[in-house]
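model.cif (mmCIF, C-alpha atoms) appears below.
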```
data_work
#
loop_
_atom_site.label_atom_id
_atom_site.label_comp_id
_atom_site.auth_asym_id
_atom_site.auth_seq_id
_atom_site.Cartn_x
_atom_site.Cartn_y
_atom_site.Cartn_z
CA MET W 1 0.00 0.00 0.00
CA ILE W 2 2.87 2.39 0.76
CA LYS W 3 4.42 1.64 -2.66
CA GLU W 4 1.09 2.32 -4.38
CA PHE W 5 0.71 5.58 -2.48
CA ARG W 6 4.25 6.63 -3.41
CA ASP W 7 3.59 5.78 -7.08
CA PHE W 8 0.36 7.79 -6.95
CA ILE W 9 2.09 10.81 -5.42
CA MET W 10 4.98 10.65 -7.87
CA ARG W 11 2.75 10.77 -10.91
CA GLY W 12 3.31 13.98 -12.82
CA ASN W 13 -0.22 15.35 -12.62
CA VAL W 14 -0.38 15.00 -8.82
CA LEU W 15 2.95 16.78 -8.41
CA ASP W 16 1.86 19.47 -10.86
CA LEU W 17 -1.34 19.97 -8.87
CA ALA W 18 0.58 20.25 -5.60
CA VAL W 19 2.96 22.80 -7.09
CA GLY W 20 0.01 24.72 -8.52
CA VAL W 21 -1.74 24.87 -5.15
CA ILE W 22 1.41 26.09 -3.39
CA ILE W 23 2.14 28.72 -6.03
CA GLY W 24 -1.54 29.72 -6.05
CA GLY W 25 -1.46 30.32 -2.30
CA ALA W 26 1.66 32.44 -2.60
CA PHE W 27 0.20 34.32 -5.55
CA THR W 28 -2.98 35.02 -3.58
CA ALA W 29 -0.90 36.60 -0.82
CA VAL W 30 0.88 38.80 -3.38
CA VAL W 31 -2.40 39.91 -4.99
CA THR W 32 -3.94 40.64 -1.58
CA SER W 33 -0.91 42.75 -0.67
CA LEU W 34 -1.11 44.54 -4.02
CA THR W 35 -4.76 45.36 -3.43
CA LYS W 36 -4.28 46.40 0.19
CA ASN W 37 -1.07 48.41 -0.19
CA LEU W 38 -1.25 49.88 -3.69
CA ILE W 39 -4.74 49.79 -5.16
CA ASN W 40 -6.72 50.70 -2.04
CA PRO W 41 -4.70 53.91 -1.44
CA ILE W 42 -5.39 54.96 -5.03
CA ILE W 43 -9.11 54.26 -4.60
CA SER W 44 -9.07 56.03 -1.23
CA MET W 45 -8.08 59.26 -2.99
CA PHE W 46 -11.55 59.21 -4.58
CA VAL W 47 -13.56 57.53 -1.80
CA GLY W 48 -11.91 59.26 1.12
CA LYS W 49 -11.20 56.17 3.24
CA ALA W 50 -7.79 54.53 3.33
CA ASP W 51 -9.09 50.99 3.92
CA LEU W 52 -11.92 49.77 1.73
CA SER W 53 -12.61 46.85 4.04
CA LYS W 54 -13.98 49.30 6.60
CA LEU W 55 -16.72 50.52 4.26
CA TYR W 56 -20.10 49.21 5.33
CA PHE W 57 -23.72 50.15 5.87
CA THR W 58 -26.29 48.87 8.31
CA ILE W 59 -29.95 48.06 7.90
CA LEU W 60 -31.91 46.98 10.97
CA ASN W 61 -28.76 46.09 12.90
CA ALA W 62 -27.41 44.02 9.98
CA LYS W 63 -23.93 45.08 8.89
CA PHE W 64 -23.19 44.87 5.15
CA ALA W 65 -19.42 45.12 4.61
CA TYR W 66 -19.36 46.04 0.96
CA GLY W 67 -15.78 47.29 1.27
CA SER W 68 -14.49 43.78 1.97
CA PHE W 69 -16.51 42.55 -0.98
CA LEU W 70 -14.90 45.21 -3.18
CA ASN W 71 -11.45 44.08 -2.02
CA ASP W 72 -12.30 40.49 -2.91
CA VAL W 73 -13.63 41.51 -6.34
CA ILE W 74 -10.43 43.46 -7.05
CA ASN W 75 -8.33 40.46 -5.94
CA PHE W 76 -10.37 38.16 -8.18
CA LEU W 77 -10.07 40.44 -11.21
CA ILE W 78 -6.31 40.75 -10.83
CA THR W 79 -5.90 36.98 -10.38
CA ALA W 80 -8.19 36.19 -13.33
CA PHE W 81 -6.33 38.65 -15.56
CA VAL W 82 -2.94 37.17 -14.66
CA VAL W 83 -4.22 33.63 -15.28
CA PHE W 84 -5.62 34.81 -18.63
CA LEU W 85 -2.22 36.24 -19.58
CA ILE W 86 -0.44 33.04 -18.54
CA VAL W 87 -2.82 30.81 -20.52
CA LYS W 88 -2.58 33.10 -23.55
CA THR W 89 1.23 33.02 -23.40
CA VAL W 90 1.38 29.25 -22.96
CA ASN W 91 -1.02 28.75 -25.88
CA ARG W 92 1.17 30.97 -28.05
CA ILE W 93 4.40 29.20 -27.04
CA MET W 94 3.17 25.61 -27.06
CA PRO W 95 2.23 24.31 -30.49
CA SER W 96 -1.30 23.03 -30.67
CA LYS W 97 -1.62 19.40 -31.61
CA LYS W 98 -3.37 19.06 -34.92
CA PRO W 99 -4.99 15.74 -35.62
CA ASP W 100 -3.01 13.60 -38.02
CA ALA W 101 -4.45 13.22 -41.49
CA PRO W 102 -6.21 9.89 -41.82
CA VAL W 103 -4.16 7.28 -43.60
CA VAL W 104 -5.98 5.98 -46.66
CA SER W 105 -5.09 2.51 -47.86
CA LYS W 106 -4.58 1.76 -51.54
CA GLU W 107 -7.74 -0.32 -51.62
CA GLU W 108 -9.82 2.44 -50.10
CA LEU W 109 -8.39 4.96 -52.56
CA LEU W 110 -9.16 2.64 -55.49
CA LEU W 111 -12.71 2.01 -54.25
CA THR W 112 -13.26 5.76 -53.85
CA GLN W 113 -12.09 6.35 -57.43
CA ILE W 114 -14.39 3.59 -58.74
CA ARG W 115 -17.31 5.08 -56.79
CA ASP W 116 -16.63 8.52 -58.24
CA LEU W 117 -16.34 7.13 -61.78
CA LEU W 118 -19.66 5.29 -61.40
CA ARG W 119 -21.33 8.39 -59.98
CA ASN W 120 -20.08 10.55 -62.87
CA SER W 121 -21.08 8.04 -65.56
CA LYS W 122 -24.81 8.37 -64.76
#
```
Could you quickly redo this structure as structure tokens?
Amino acid sequence: MIKEFRDFIMRGNVLDLAVGVIIGGAFTAVVTSLTKNLINPIISMFVGKADLSKLYFTILNAKFAYGSFLNDVINFLITAFVVFLIVKTVNRIMPSKKPDAPVVSKEELLLTQIRDLLRNSK
């Protein structure tokens, strides 16, 4: 069972997934820092508050923290845009696999020619 588990873990796609999760976590921290330390101060010049996460309104004692939601939307948009750029770059660099042309046997080619001759003779 240990050997099977080791073989499972050592498969390329599992390792790739693990690396992707680790890099994704680190990238999320970078994007959150970018939003908090660079984008929010720019937005605060127009909104008037330095921290968007503190923007909220209340209705009947219910607190709606729309500032935190805005931070999350900004983080998502930045992450989605970077992923889009990465996928676009990889698609440009990596050649797309085109399906191979079907191999036609001599007999099939001959039968096709006979069929076409019979069709044209009518």
Item to check | Picked residues, the PyMOL selection byres ((chain W and resi 68) around 9), expected as a PyMOL selection string | outcome: chain W and resi 52-56+65-67+69-73
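Atom CA of W:Ile78 lies 8.9 Å from atom CA of W:Thr35.
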Checklist entry - How many Å lie between atom CA of W:Thr79 and atom CA of W:Val31, rounded to one decimal? => result 7.1 Å
Checklist entry - Rounded to one decimal in Å, what is the spacing between atom CA of W:Val90 and atom CA of W:Lys36? => result 29.4 Å
